[in-house]
file my_file_13.cif (mmCIF, C-alpha atoms)
data_work
#
loop_
_atom_site.label_atom_id
_atom_site.label_comp_id
_atom_site.auth_asym_id
_atom_site.auth_seq_id
_atom_site.Cartn_x
_atom_site.Cartn_y
_atom_site.Cartn_z
CA MET A 1 13.45 19.05 -2.93
CA PRO A 2 10.05 19.84 -1.30
CA GLY A 3 8.64 17.13 0.92
CA THR A 4 5.16 15.68 1.25
CA VAL A 5 3.36 14.83 4.49
CA LEU A 6 0.26 12.64 4.77
CA LEU A 7 -1.60 12.80 8.09
CA LEU A 8 -4.12 9.96 8.36
CA ALA A 9 -6.26 9.48 11.46
CA ALA A 10 -9.10 6.97 11.19
CA SER A 11 -11.39 4.95 13.40
CA PRO A 12 -15.04 3.84 13.30
CA LEU A 13 -17.54 6.49 14.33
CA GLY A 14 -20.05 4.18 16.02
CA ARG A 15 -20.00 2.07 19.14
CA GLY A 16 -17.08 -0.28 19.58
CA ARG A 17 -14.32 2.08 18.45
CA LEU A 18 -11.05 1.44 20.22
CA VAL A 19 -9.25 4.77 19.83
CA ASP A 20 -10.13 8.40 19.18
CA ALA A 21 -7.59 8.68 16.38
CA ALA A 22 -8.63 12.10 15.07
CA SER A 23 -7.92 13.72 18.43
CA VAL A 24 -4.22 13.84 17.53
CA LEU A 25 -4.69 15.88 14.35
CA PRO A 26 -4.91 19.33 16.05
CA VAL A 27 -1.58 18.63 17.77
CA LEU A 28 0.07 17.49 14.54
CA ALA A 29 -1.44 20.38 12.60
CA ALA A 30 0.29 22.81 14.98
CA VAL A 31 3.69 21.49 13.86
CA PRO A 32 5.30 23.42 10.97
CA PRO A 33 5.26 21.41 7.70
CA SER A 34 9.04 21.61 7.45
CA VAL A 35 9.39 19.93 10.85
CA LEU A 36 6.81 17.27 10.02
CA SER A 37 8.68 16.37 6.83
CA GLY A 38 12.28 17.08 7.70
CA ALA A 39 12.56 19.07 4.45
CA GLU A 40 12.89 22.85 4.07
CA THR A 41 9.40 23.08 2.54
CA ALA A 42 6.55 20.60 2.40
CA SER A 43 2.92 20.18 1.46
CA VAL A 44 0.60 18.57 4.00
CA VAL A 45 -2.46 16.42 3.26
CA GLU A 46 -4.77 15.69 6.21
CA LEU A 47 -7.39 12.92 6.32
CA ALA A 48 -9.61 12.90 9.40
CA ASP A 49 -11.92 9.89 9.82
CA PRO A 50 -12.30 9.26 6.06
CA LEU A 51 -15.33 7.31 4.90
CA GLU A 52 -14.19 5.38 1.81
CA PRO A 53 -11.06 3.25 1.32
CA GLN A 54 -10.90 4.30 -2.34
CA ALA A 55 -10.66 7.97 -1.31
CA VAL A 56 -7.75 7.18 1.02
CA LEU A 57 -6.08 5.16 -1.74
CA THR A 58 -6.32 8.14 -4.09
CA ARG A 59 -4.60 10.44 -1.58
CA LEU A 60 -1.98 7.82 -0.72
CA ARG A 61 -1.28 7.26 -4.40
CA ALA A 62 -0.84 10.98 -5.04
CA ALA A 63 1.51 11.30 -2.07
CA ALA A 64 3.54 8.29 -3.22
CA ALA A 65 3.92 9.86 -6.67
CA ALA A 66 5.57 13.00 -5.24
CA PRO A 67 9.30 13.03 -6.13
CA GLY A 68 10.62 14.41 -2.82
CA PRO A 69 10.75 12.85 0.66
CA LEU A 70 7.45 11.49 1.95
CA THR A 71 6.50 11.20 5.63
CA VAL A 72 3.28 9.40 6.56
CA TYR A 73 1.70 9.66 10.02
CA VAL A 74 -1.03 7.09 10.70
CA ALA A 75 -3.17 6.85 13.84
CA GLY A 76 -6.03 4.39 14.03
CA GLU A 77 -7.14 0.86 14.73
CA LEU A 78 -6.60 -2.47 13.03
CA ARG A 79 -9.21 -5.08 12.18
CA LEU A 80 -9.03 -8.41 10.33
CA ASP A 81 -11.42 -9.11 7.50
CA ARG A 82 -13.39 -12.32 8.01
CA ARG A 83 -12.63 -13.77 4.58
CA GLN A 84 -8.84 -13.56 4.23
CA ARG A 85 -7.83 -12.68 7.80
CA LEU A 86 -5.72 -9.75 6.61
CA PRO A 87 -5.16 -6.56 8.64
CA HIS A 88 -7.08 -3.44 7.59
CA LEU A 89 -7.07 0.12 8.88
CA ALA A 90 -10.64 0.69 10.08
CA LEU A 91 -12.36 3.76 8.63
CA ALA A 92 -15.39 5.75 9.76
CA ARG A 93 -18.00 3.31 8.40
CA THR A 94 -16.18 0.11 9.31
CA THR A 95 -18.00 -2.56 11.32
CA PRO A 96 -16.78 -6.09 12.16
CA ALA A 97 -18.93 -7.49 9.35
CA THR A 98 -17.85 -4.99 6.65
CA VAL A 99 -14.07 -4.77 7.14
CA ARG A 100 -13.26 -6.10 3.65
CA TYR A 101 -15.36 -3.42 1.94
CA THR A 102 -15.19 -0.38 4.24
CA ALA A 103 -11.64 -0.50 5.67
CA LEU A 104 -8.26 0.11 4.05
CA PRO A 105 -6.25 -3.10 3.41
CA TRP A 106 -2.88 -2.61 5.03
CA HIS A 107 -1.00 -4.12 2.10
CA TRP A 108 -2.11 -1.12 0.00
CA PHE A 109 0.52 0.91 1.84
CA ARG A 110 3.20 -1.50 0.68
CA ASP A 111 1.80 -1.68 -2.85
CA GLU A 112 1.64 2.09 -3.34
CA LEU A 113 5.01 2.87 -1.76
CA ARG A 114 7.04 0.20 -3.50
CA LEU A 115 8.02 2.38 -6.49
CA ARG A 116 9.47 5.18 -4.40
CA ALA A 117 13.20 5.78 -4.26
CA ALA A 118 15.02 3.86 -1.56
CA GLY A 119 15.28 5.88 1.66
CA ALA A 120 12.75 8.54 0.59
CA THR A 121 9.81 7.29 2.68
CA THR A 122 9.22 7.28 6.44
CA LEU A 123 6.11 6.13 8.32
CA PHE A 124 5.21 6.86 11.95
CA LEU A 125 2.42 4.57 13.16
CA ASP A 126 0.26 4.60 16.29
CA LEU A 127 -2.17 1.70 15.97
CA ARG A 128 -4.57 -0.04 18.32
CA ALA A 129 -5.57 -3.64 17.50
CA ASP A 130 -8.75 -5.44 18.47
CA ALA A 131 -8.37 -8.78 20.25
CA ASP A 132 -8.53 -10.88 17.08
CA THR A 133 -5.96 -8.78 15.25
CA TRP A 134 -3.69 -8.61 18.28
CA ARG A 135 -3.51 -12.42 18.45
CA ALA A 136 -2.66 -12.56 14.74
CA LEU A 137 0.12 -9.98 15.07
CA CYS A 138 1.67 -11.73 18.06
CA ALA A 139 1.61 -15.18 16.44
CA PRO A 140 4.93 -16.56 15.12
CA PRO A 141 5.36 -15.53 11.46
CA ALA A 142 4.70 -18.16 8.82
CA PRO A 143 7.76 -19.21 6.79
CA GLY A 144 8.14 -17.10 3.65
CA ARG A 145 5.46 -14.61 4.63
CA PRO A 146 6.23 -10.99 5.51
CA PHE A 147 5.13 -9.36 8.76
CA PRO A 148 1.42 -8.46 8.38
CA LEU A 149 2.16 -4.71 8.69
CA ASP A 150 4.98 -4.76 6.15
CA CYS A 151 5.32 -1.37 4.40
CA GLY A 152 7.96 -2.42 1.89
CA ARG A 153 11.71 -2.86 2.06
CA ASP A 154 12.52 0.71 0.98
CA ALA A 155 10.57 2.53 3.72
CA ALA A 156 11.61 3.37 7.27
CA VAL A 157 8.88 2.53 9.80
CA TYR A 158 8.63 3.62 13.45
CA GLY A 159 5.83 3.41 15.97
CA ARG A 160 3.83 0.94 18.02
CA VAL A 161 0.79 -1.31 17.95
CA ALA A 162 -1.10 -1.40 21.25
CA PRO A 163 -3.41 -4.22 22.41
CA PRO A 164 -7.13 -3.65 22.99
CA PRO A 165 -7.90 -1.30 25.89
CA SER A 166 -7.99 -3.19 29.17
CA ARG A 167 -11.29 -1.67 30.17
CA ARG A 168 -14.33 -0.34 28.39
CA GLY A 169 -13.81 3.02 26.81
CA VAL A 170 -11.96 4.71 24.00
CA ALA A 171 -8.17 4.96 24.14
CA ALA A 172 -6.08 7.93 23.02
CA PRO A 173 -3.27 7.79 20.41
CA THR A 174 -0.65 8.54 23.06
CA TYR A 175 2.39 7.59 20.95
CA MET A 176 1.40 10.00 18.19
CA LYS A 177 0.54 12.77 20.67
CA ALA A 178 3.91 12.37 22.38
CA LEU A 179 5.61 12.43 18.98
CA ALA A 180 3.73 15.59 17.99
CA THR A 181 4.65 17.26 21.27
CA LEU A 182 8.33 16.60 20.60
CA LEU A 183 7.98 17.97 17.07
CA ARG A 184 6.28 21.14 18.31
CA SER A 185 9.58 22.15 19.87
CA GLY A 186 10.51 23.16 16.32
CA ARG A 187 13.52 20.86 16.10
CA ARG A 188 13.39 17.77 13.90
CA LEU A 189 15.45 15.05 15.53
CA PRO A 190 16.76 12.09 13.51
CA ASP A 191 13.95 9.57 13.07
CA GLU A 192 15.43 6.89 15.31
CA GLU A 193 16.10 9.39 18.09
CA LEU A 194 12.62 10.84 17.74
CA HIS A 195 11.12 7.36 17.99
CA ARG A 196 13.24 6.48 21.04
CA ARG A 197 12.25 9.64 22.92
CA THR A 198 8.59 9.12 22.07
CA LEU A 199 8.65 5.59 23.47
CA ALA A 200 10.32 6.90 26.63
CA ARG A 201 7.47 9.38 27.16
CA ILE A 202 4.77 6.69 26.97
CA ALA A 203 6.76 3.97 28.75
CA PRO A 204 4.51 3.76 31.84
CA GLU A 205 1.50 3.07 29.62
CA GLY A 206 2.92 0.61 27.10
CA ALA A 207 5.83 -1.05 28.89
CA GLY A 208 5.88 -4.77 28.20
CA THR A 209 2.64 -4.80 26.22
CA ASP A 210 3.03 -2.74 23.03
CA LEU A 211 4.40 -4.18 19.83
CA VAL A 212 7.19 -1.75 18.89
CA LEU A 213 7.73 -1.09 15.20
CA GLU A 214 11.22 -0.14 14.10
CA GLN A 215 12.48 -0.66 10.57
CA ARG A 216 15.36 1.45 9.38
CA GLY A 217 15.64 2.53 5.75
CA PRO A 218 17.60 0.54 3.14
CA LEU A 219 21.35 0.21 3.39
CA PRO A 220 23.66 1.88 0.86
CA GLY A 221 24.14 -0.21 -2.27
CA ASP A 222 20.55 -1.52 -2.28
CA PRO A 223 19.85 -2.68 -5.86
CA HIS A 224 16.44 -1.02 -5.76
CA ALA A 225 18.19 2.34 -5.55
CA ALA A 226 20.14 1.58 -8.74
CA VAL A 227 16.97 0.59 -10.60
CA THR A 228 15.16 3.70 -9.37
CA ALA A 229 18.06 5.95 -10.39
CA ALA A 230 18.02 4.52 -13.91
CA VAL A 231 14.28 5.10 -14.23
CA ARG A 232 14.50 8.68 -13.00
CA ALA A 233 17.25 9.33 -15.54
CA GLY A 234 15.05 7.97 -18.32
CA ARG A 235 17.24 4.89 -18.90
CA HIS A 236 14.33 2.45 -18.97
CA ALA A 237 16.10 -0.30 -20.92
CA GLU A 238 19.00 -0.23 -18.47
CA ALA A 239 16.59 -0.43 -15.50
CA ASP A 240 14.78 -3.44 -17.00
CA ALA A 241 18.05 -5.21 -17.81
CA LEU A 242 19.26 -4.75 -14.23
CA ALA A 243 15.94 -5.98 -12.83
CA ALA A 244 16.05 -8.98 -15.18
CA ARG A 245 19.49 -9.96 -13.87
CA LEU A 246 18.27 -9.61 -10.29
CA GLU A 247 15.18 -11.67 -11.10
CA GLN A 248 17.34 -14.43 -12.57
CA ALA A 249 19.72 -14.37 -9.61
CA ALA A 250 16.84 -14.57 -7.12
CA GLY A 251 15.34 -17.46 -9.08
CA LEU A 252 18.60 -19.40 -9.00
CA ALA A 253 19.11 -18.72 -5.29
CA HIS A 254 15.56 -19.19 -4.00
CA GLY A 255 13.54 -20.83 -6.78
CA PRO A 256 11.65 -19.33 -9.77
CA VAL A 257 8.36 -19.00 -7.86
CA SER A 258 9.89 -17.74 -4.61
CA GLU A 259 8.79 -14.36 -3.30
CA GLU A 260 12.33 -13.10 -3.84
CA ALA A 261 12.13 -13.88 -7.57
CA LEU A 262 8.50 -12.82 -7.99
CA HIS A 263 9.32 -9.48 -6.40
CA TRP A 264 11.63 -8.66 -9.28
CA THR A 265 9.02 -9.93 -11.74
CA GLU A 266 6.67 -7.33 -10.26
CA VAL A 267 9.37 -4.68 -10.55
CA ARG A 268 9.78 -5.45 -14.26
CA ALA A 269 6.03 -5.17 -14.81
CA ASP A 270 6.12 -1.75 -13.16
CA LEU A 271 9.15 -0.74 -15.22
CA ALA A 272 7.20 -1.49 -18.39
CA MET A 273 4.46 0.81 -17.13
CA LEU A 274 6.94 3.58 -16.34
CA ALA A 275 8.44 3.19 -19.81
CA GLY A 276 5.00 3.76 -21.33
CA ASP A 277 4.58 0.19 -22.63
CA ALA A 278 1.12 -0.60 -21.28
CA ALA A 279 0.74 -3.78 -23.33
CA ARG A 280 3.98 -5.28 -22.01
CA SER A 281 3.05 -4.29 -18.47
CA CYS A 282 -0.44 -5.80 -18.83
CA ARG A 283 1.00 -9.03 -20.21
CA ALA A 284 3.55 -9.24 -17.41
CA TRP A 285 0.97 -8.72 -14.67
CA MET A 286 -1.34 -11.37 -16.14
CA ALA A 287 1.54 -13.83 -16.38
CA LEU A 288 2.49 -13.10 -12.78
CA ALA A 289 -1.06 -13.75 -11.57
CA GLY A 290 -1.09 -17.04 -13.45
CA THR A 291 2.26 -18.03 -11.95
CA ARG A 292 1.07 -17.34 -8.43
CA MET A 293 -2.12 -19.36 -8.88
CA ALA A 294 -0.23 -22.23 -10.54
CA ALA A 295 2.00 -22.25 -7.45
CA GLY A 296 -1.06 -22.79 -5.26
CA GLN A 297 -2.04 -19.28 -4.22
CA PRO A 298 -5.85 -18.79 -4.10
CA ALA A 299 -7.62 -16.42 -6.46
CA ASP A 300 -8.45 -14.03 -3.60
CA ALA A 301 -4.89 -13.81 -2.28
CA PRO A 302 -3.86 -10.13 -2.09
CA ALA A 303 -0.88 -10.58 -4.42
CA VAL A 304 -3.05 -12.34 -7.03
CA GLU A 305 -5.83 -9.75 -6.83
CA ALA A 306 -3.31 -6.92 -7.05
CA ALA A 307 -1.64 -8.43 -10.14
CA VAL A 308 -4.96 -8.79 -11.97
CA ASP A 309 -6.09 -5.30 -10.96
CA ARG A 310 -2.87 -3.85 -12.36
CA ALA A 311 -3.17 -5.87 -15.56
CA HIS A 312 -6.72 -4.51 -15.94
CA HIS A 313 -5.55 -0.97 -15.30
CA GLN A 314 -2.76 -1.21 -17.87
CA TRP A 315 -5.05 -2.82 -20.44
CA GLY A 316 -7.22 0.29 -20.23
CA ARG A 317 -4.27 2.37 -21.45
CA ILE A 318 -3.70 0.45 -24.69
CA ASP A 319 -4.67 2.17 -27.97
CA ASP A 320 -3.89 -0.52 -30.53
CA PRO A 321 -7.18 -2.38 -31.23
CA VAL A 322 -5.33 -5.58 -32.10
CA ARG A 323 -3.60 -5.65 -28.74
CA VAL A 324 -6.78 -4.56 -26.96
CA ARG A 325 -8.58 -7.60 -28.37
CA GLU A 326 -5.66 -10.00 -27.92
CA LEU A 327 -5.03 -9.12 -24.26
CA GLY A 328 -8.70 -8.46 -23.51
CA VAL A 329 -9.71 -12.03 -24.34
CA ARG A 330 -7.08 -13.30 -21.91
CA LEU A 331 -8.10 -10.73 -19.30
CA VAL A 332 -11.76 -11.82 -19.46
CA GLU A 333 -10.74 -15.38 -18.65
CA LEU A 334 -8.47 -14.21 -15.84
CA ARG A 335 -11.09 -11.82 -14.44
CA SER A 336 -13.61 -14.68 -14.37
CA ARG A 337 -11.26 -16.47 -11.96
CA VAL A 338 -10.13 -13.36 -10.07
CA PRO A 339 -13.05 -10.87 -9.93
CA GLY A 340 -11.36 -8.67 -7.29
CA ARG A 341 -13.04 -6.40 -4.78
CA ARG A 342 -15.05 -4.23 -7.17
CA GLU A 343 -18.21 -5.63 -8.69
CA GLY A 344 -18.59 -5.69 -12.46
CA ALA A 345 -14.90 -6.07 -13.36
CA VAL A 346 -15.52 -8.91 -15.84
CA GLU A 347 -18.36 -7.04 -17.54
CA HIS A 348 -16.13 -3.96 -17.65
CA VAL A 349 -13.68 -5.85 -19.88
CA ARG A 350 -16.38 -7.46 -21.99
CA ARG A 351 -18.08 -4.12 -22.62
CA ARG A 352 -14.88 -2.50 -23.87
CA LEU A 353 -14.15 -5.50 -26.09
CA ARG A 354 -17.61 -5.22 -27.68
CA GLU A 355 -17.09 -1.52 -28.28
CA VAL A 356 -13.63 -2.08 -29.79
CA GLN A 357 -14.99 -4.73 -32.13
CA GLY A 358 -17.85 -2.46 -33.14
CA ARG A 359 -16.13 0.91 -33.50
CA GLY A 360 -12.35 0.42 -33.33
CA ALA A 361 -10.05 1.24 -30.43
CA MET A 362 -11.34 3.38 -27.62
CA PRO A 363 -9.31 6.27 -26.23
CA ALA A 364 -6.54 5.12 -23.91
CA GLY A 365 -8.03 7.11 -21.03
CA HIS A 366 -11.38 5.33 -21.17
CA LEU A 367 -10.80 3.12 -18.14
CA ARG A 368 -8.77 5.66 -16.16
CA THR A 369 -11.91 7.38 -14.94
CA ASP A 370 -12.89 4.30 -12.96
CA PRO A 371 -9.93 1.93 -12.50
CA PRO A 372 -10.29 -1.28 -10.53
CA GLN A 373 -9.83 -0.72 -6.82
CA GLY A 374 -6.20 -1.11 -5.84
CA ALA A 375 -4.84 -0.56 -9.36
CA THR A 376 -1.30 0.66 -9.77
CA ALA A 377 -0.54 4.38 -9.73
CA VAL A 378 1.58 6.05 -12.37
CA PRO A 379 4.10 8.35 -10.66
#
call {"tool": "encode", "arguments": {"input": "my_file_13.cif", "output": "structure tokens"}}
result
Amino acid sequence: MPGTVLLLAASPLGRGRLVDAASVLPVLAAVPPSVLSGAETASVVELADPLEPQAVLTRLRAAAAAPGPLTVYVAGELRLDRRQRLPHLALARTTPATVRYTALPWHWFRDELRLRAAGATTLFLDLRADADTWRALCAPPAPGRPFPLDCGRDAAVYGRVAPPPSRRGVAAPTYMKALATLLRSGRRLPDEELHRRTLARIAPEGAGTDLVLEQRGPLPGDPHAAVTAAVRAGRHAEADALAARLEQAAGLAHGPVSEEALHWTEVRADLAMLAGDAARSCRAWMALAGTRMAAGQPADAPAVEAAVDRAHHQWGRIDDPVRVRELGVRLVELRSRVPGRREGAVEHVRRRLREVQGRGAMPAGHLRTDPPQGATAVP
């Protein structure tokens, strides 16, 4: 099956940039697509110093929807937003004061890749952190919280995060350049071996300081693979039944509001979307957001915002005017508590409700032209 490659190199264009991320793209572009992907044929998408996080999200979403193997190469720098203290990939217009609005939230990688088949996704990362982000990454992890650069349990991740440059100036993405140089030999080594040889080449620079990233793909027998296989075969009821059993088992083992149980609740909401039942998916995402907030998570927590954004996105795909009104009234109340990152989300729902009440149901594609930022993709 043809592969897909996403090359993303991003860093602020003004003063204060930590790394010249885009300098690695000519080296990567010289590598044949088949070697970049590890597949016989592949399509390559290149993003050099993109300006808008929504544009990157669109490309990431399209790449994640591709059925074959996906390999993502990311070079850039990490910044924390001042409000939630979450890591973001800085883009061309990012400044310390505008991280939340001009940078790419790292958890979007996890959110967009979570529906892919187990073992079909690999990321190679060469990241440079500013001082604030570096301290956060090196701090002991909080109980029950994933590593801040988590890319999902079904993806293989290799690379490094380097601390701020020791002296004034702009660093080079040396891990990614060494990786590209190895790939230019024309031979695609196994991922772990490729990662090991790349680290050996940059050892004098990063020895004892870099944070090495190494997460192998899922083990055989992973239940996510069984759910994915059922979906791809069109057995949606079977996939939901399996996910429901896993959700119940996780709830009994870890508690009904544990992340282990809520993960499978999210999977079931996505399965409803993939089965074409937008109303059930919308209802599930709204219930999940309510559960998280009832458990004490704030309205601007990434998982809460993501759940409401996806509920909003699915609501926009409903044709039945009765269900549009029923779920829309609940969505208005929820959006009032969780407005999300894009302005006007509450009014967006209210406007459609007024139009439905005045003229009947709107076309299902009405909201798809301008979905809330971070909304779920449909593979």
call {"tool": "residues_around", "arguments": {"input": "my_file_13.cif", "residues": "A:Glu266", "least_positions_apart": "6", "cutoff": "10 Å", "atoms": "only C-alpha atoms", "output": "VMD selection string"}}
result
chain A and resid 243 247 281 284 to 285 288 307
call {"tool": "write_last_selection", "arguments": {"input": "my_file_13.cif", "atoms": "C-alpha atoms", "output": "compact mmCIF listing (two decimals), in the frame of the given file"}}
result
# COMPACT_ATOMS: atom_id res chain seq x y z
CA ALA A 243 15.94 -5.98 -12.83
CA GLU A 247 15.18 -11.67 -11.10
CA SER A 281 3.05 -4.29 -18.47
CA ALA A 284 3.55 -9.24 -17.41
CA TRP A 285 0.97 -8.72 -14.67
CA LEU A 288 2.49 -13.10 -12.78
CA ALA A 307 -1.64 -8.43 -10.14
call {"tool": "atom_distance", "arguments": {"input": "my_file_13.cif", "atom1": "atom CA of A:Ala21", "atom2": "atom CA of A:Pro173"}}
result
6.0 Å
call {"tool": "resolve_selection", "arguments": {"input": "my_file_13.cif", "expression": "the PyMOL selection byres ((chain A and resi 186) around 10)", "output": "list in words"}}
result
Val31, Pro32, Ser34, Val35, Leu36, Thr181, Leu182, Leu183, Arg184, Ser185, Arg187, Arg188 and Leu189 of chain A
call {"tool": "write_last_selection", "arguments": {"input": "my_file_13.cif", "atoms": "C-alpha atoms", "output": "PDB file, in the frame of the given file"}}
result
ATOM      1  CA  VAL A  31       3.690  21.490  13.860  1.00  0.00           C
ATOM      2  CA  PRO A  32       5.300  23.420  10.970  1.00  0.00           C
ATOM      3  CA  SER A  34       9.040  21.610   7.450  1.00  0.00           C
ATOM      4  CA  VAL A  35       9.390  19.930  10.850  1.00  0.00           C
ATOM      5  CA  LEU A  36       6.810  17.270  10.020  1.00  0.00           C
ATOM      6  CA  THR A 181       4.650  17.260  21.270  1.00  0.00           C
ATOM      7  CA  LEU A 182       8.330  16.600  20.600  1.00  0.00           C
ATOM      8  CA  LEU A 183       7.980  17.970  17.070  1.00  0.00           C
ATOM      9  CA  ARG A 184       6.280  21.140  18.310  1.00  0.00           C
ATOM     10  CA  SER A 185       9.580  22.150  19.870  1.00  0.00           C
ATOM     11  CA  ARG A 187      13.520  20.860  16.100  1.00  0.00           C
ATOM     12  CA  ARG A 188      13.390  17.770  13.900  1.00  0.00           C
ATOM     13  CA  LEU A 189      15.450  15.050  15.530  1.00  0.00           C
TER      14      LEU A 189
END
call {"tool": "closest_atom_pairs", "arguments": {"input": "my_file_13.cif", "of": "stretch 2-118 of chain A", "to": "stretch 252-265 of chain A", "cutoff": "12 Å", "atoms": "only C-alpha atoms", "output": "Markdown table"}}
result
| residue | atom | partner | partner_atom | distance |
| --- | --- | --- | --- | --- |
| A:Asp111 | CA | A:His263 | CA | 11.4 |
| A:Arg114 | CA | A:His263 | CA | 10.4 |
| A:Leu115 | CA | A:His263 | CA | 11.9 |
call {"tool": "write_last_selection", "arguments": {"input": "my_file_13.cif", "atoms": "C-alpha atoms", "output": "compact mmCIF listing (two decimals), keeping the file's coordinate frame"}}
result
# COMPACT_ATOMS: atom_id res chain seq x y z
CA ASP A 111 1.80 -1.68 -2.85
CA ARG A 114 7.04 0.20 -3.50
CA LEU A 115 8.02 2.38 -6.49
call {"tool": "atom_distance", "arguments": {"input": "my_file_13.cif", "atom1": "atom CA of A:Ala171", "atom2": "atom CA of A:Thr121"}}
result
28.1 Å
call {"tool": "atom_distance", "arguments": {"input": "my_file_13.cif", "atom1": "atom CA of A:Leu246", "atom2": "atom CA of A:Gly296"}}
result
23.9 Å
call {"tool": "residues_around", "arguments": {"input": "my_file_13.cif", "residues": "A:Leu274", "least_positions_apart": "6", "cutoff": "12 Å", "atoms": "only C-alpha atoms", "output": "CSV table (one decimal) with C-alpha atoms, keeping the file's coordinate frame"}}
result
chain,number,residue,atom,x,y,z
A,65,ALA,CA,3.9,9.9,-6.7
A,115,LEU,CA,8.0,2.4,-6.5
A,227,VAL,CA,17.0,0.6,-10.6
A,228,THR,CA,15.2,3.7,-9.4
A,230,ALA,CA,18.0,4.5,-13.9
A,231,VAL,CA,14.3,5.1,-14.2
A,232,ARG,CA,14.5,8.7,-13.0
A,233,ALA,CA,17.2,9.3,-15.5
A,234,GLY,CA,15.0,8.0,-18.3
A,235,ARG,CA,17.2,4.9,-18.9
A,236,HIS,CA,14.3,2.4,-19.0
A,237,ALA,CA,16.1,-0.3,-20.9
A,239,ALA,CA,16.6,-0.4,-15.5
A,240,ASP,CA,14.8,-3.4,-17.0
A,267,VAL,CA,9.4,-4.7,-10.6
A,268,ARG,CA,9.8,-5.4,-14.3
A,280,ARG,CA,4.0,-5.3,-22.0
A,281,SER,CA,3.0,-4.3,-18.5
A,314,GLN,CA,-2.8,-1.2,-17.9
A,376,THR,CA,-1.3,0.7,-9.8
A,377,ALA,CA,-0.5,4.4,-9.7
A,378,VAL,CA,1.6,6.0,-12.4
A,379,PRO,CA,4.1,8.4,-10.7
call {"tool": "decode", "arguments": {"input": "my_file_13.cif", "residues": "stretch 324-335 of chain A", "atoms": "N, CA, C and O atoms", "output": "short mmCIF file (atom, residue, chain, number, x, y, z; two decimals), in the first residue's frame"}}
result
data_model
loop_
_atom_site.label_atom_id
_atom_site.label_comp_id
_atom_site.auth_asym_id
_atom_site.auth_seq_id
_atom_site.Cartn_x
_atom_site.Cartn_y
_atom_site.Cartn_z
N VAL A 324 -31.28 18.14 15.48
CA VAL A 324 -30.49 19.38 15.46
C VAL A 324 -30.91 20.27 16.62
O VAL A 324 -30.07 20.82 17.34
N ARG A 325 -32.21 20.42 16.81
CA ARG A 325 -32.71 21.28 17.90
C ARG A 325 -32.41 20.66 19.26
O ARG A 325 -31.94 21.34 20.18
N GLU A 326 -32.70 19.36 19.39
CA GLU A 326 -32.50 18.69 20.68
C GLU A 326 -31.06 18.80 21.15
O GLU A 326 -30.77 19.21 22.29
N LEU A 327 -30.12 18.41 20.28
CA LEU A 327 -28.70 18.43 20.67
C LEU A 327 -28.13 19.84 20.65
O LEU A 327 -27.21 20.15 21.40
N GLY A 328 -28.68 20.70 19.79
CA GLY A 328 -28.18 22.08 19.72
C GLY A 328 -28.42 22.85 21.00
O GLY A 328 -27.58 23.65 21.43
N VAL A 329 -29.58 22.64 21.62
CA VAL A 329 -29.88 23.33 22.89
C VAL A 329 -28.86 22.92 23.95
O VAL A 329 -28.34 23.75 24.71
N ARG A 330 -28.53 21.62 24.00
CA ARG A 330 -27.53 21.15 24.96
C ARG A 330 -26.14 21.67 24.60
O ARG A 330 -25.34 22.00 25.49
N LEU A 331 -25.85 21.76 23.30
CA LEU A 331 -24.54 22.23 22.87
C LEU A 331 -24.34 23.71 23.19
O LEU A 331 -23.23 24.12 23.54
N VAL A 332 -25.40 24.51 23.09
CA VAL A 332 -25.29 25.93 23.45
C VAL A 332 -24.87 26.08 24.91
O VAL A 332 -23.98 26.86 25.25
N GLU A 333 -25.53 25.30 25.77
CA GLU A 333 -25.19 25.37 27.19
C GLU A 333 -23.75 24.94 27.43
O GLU A 333 -23.01 25.55 28.20
N LEU A 334 -23.34 23.86 26.74
CA LEU A 334 -21.98 23.36 26.92
C LEU A 334 -20.95 24.33 26.35
O LEU A 334 -19.90 24.58 26.95
N ARG A 335 -21.26 24.92 25.18
CA ARG A 335 -20.35 25.88 24.57
C ARG A 335 -20.21 27.14 25.42
O ARG A 335 -19.17 27.80 25.42
#
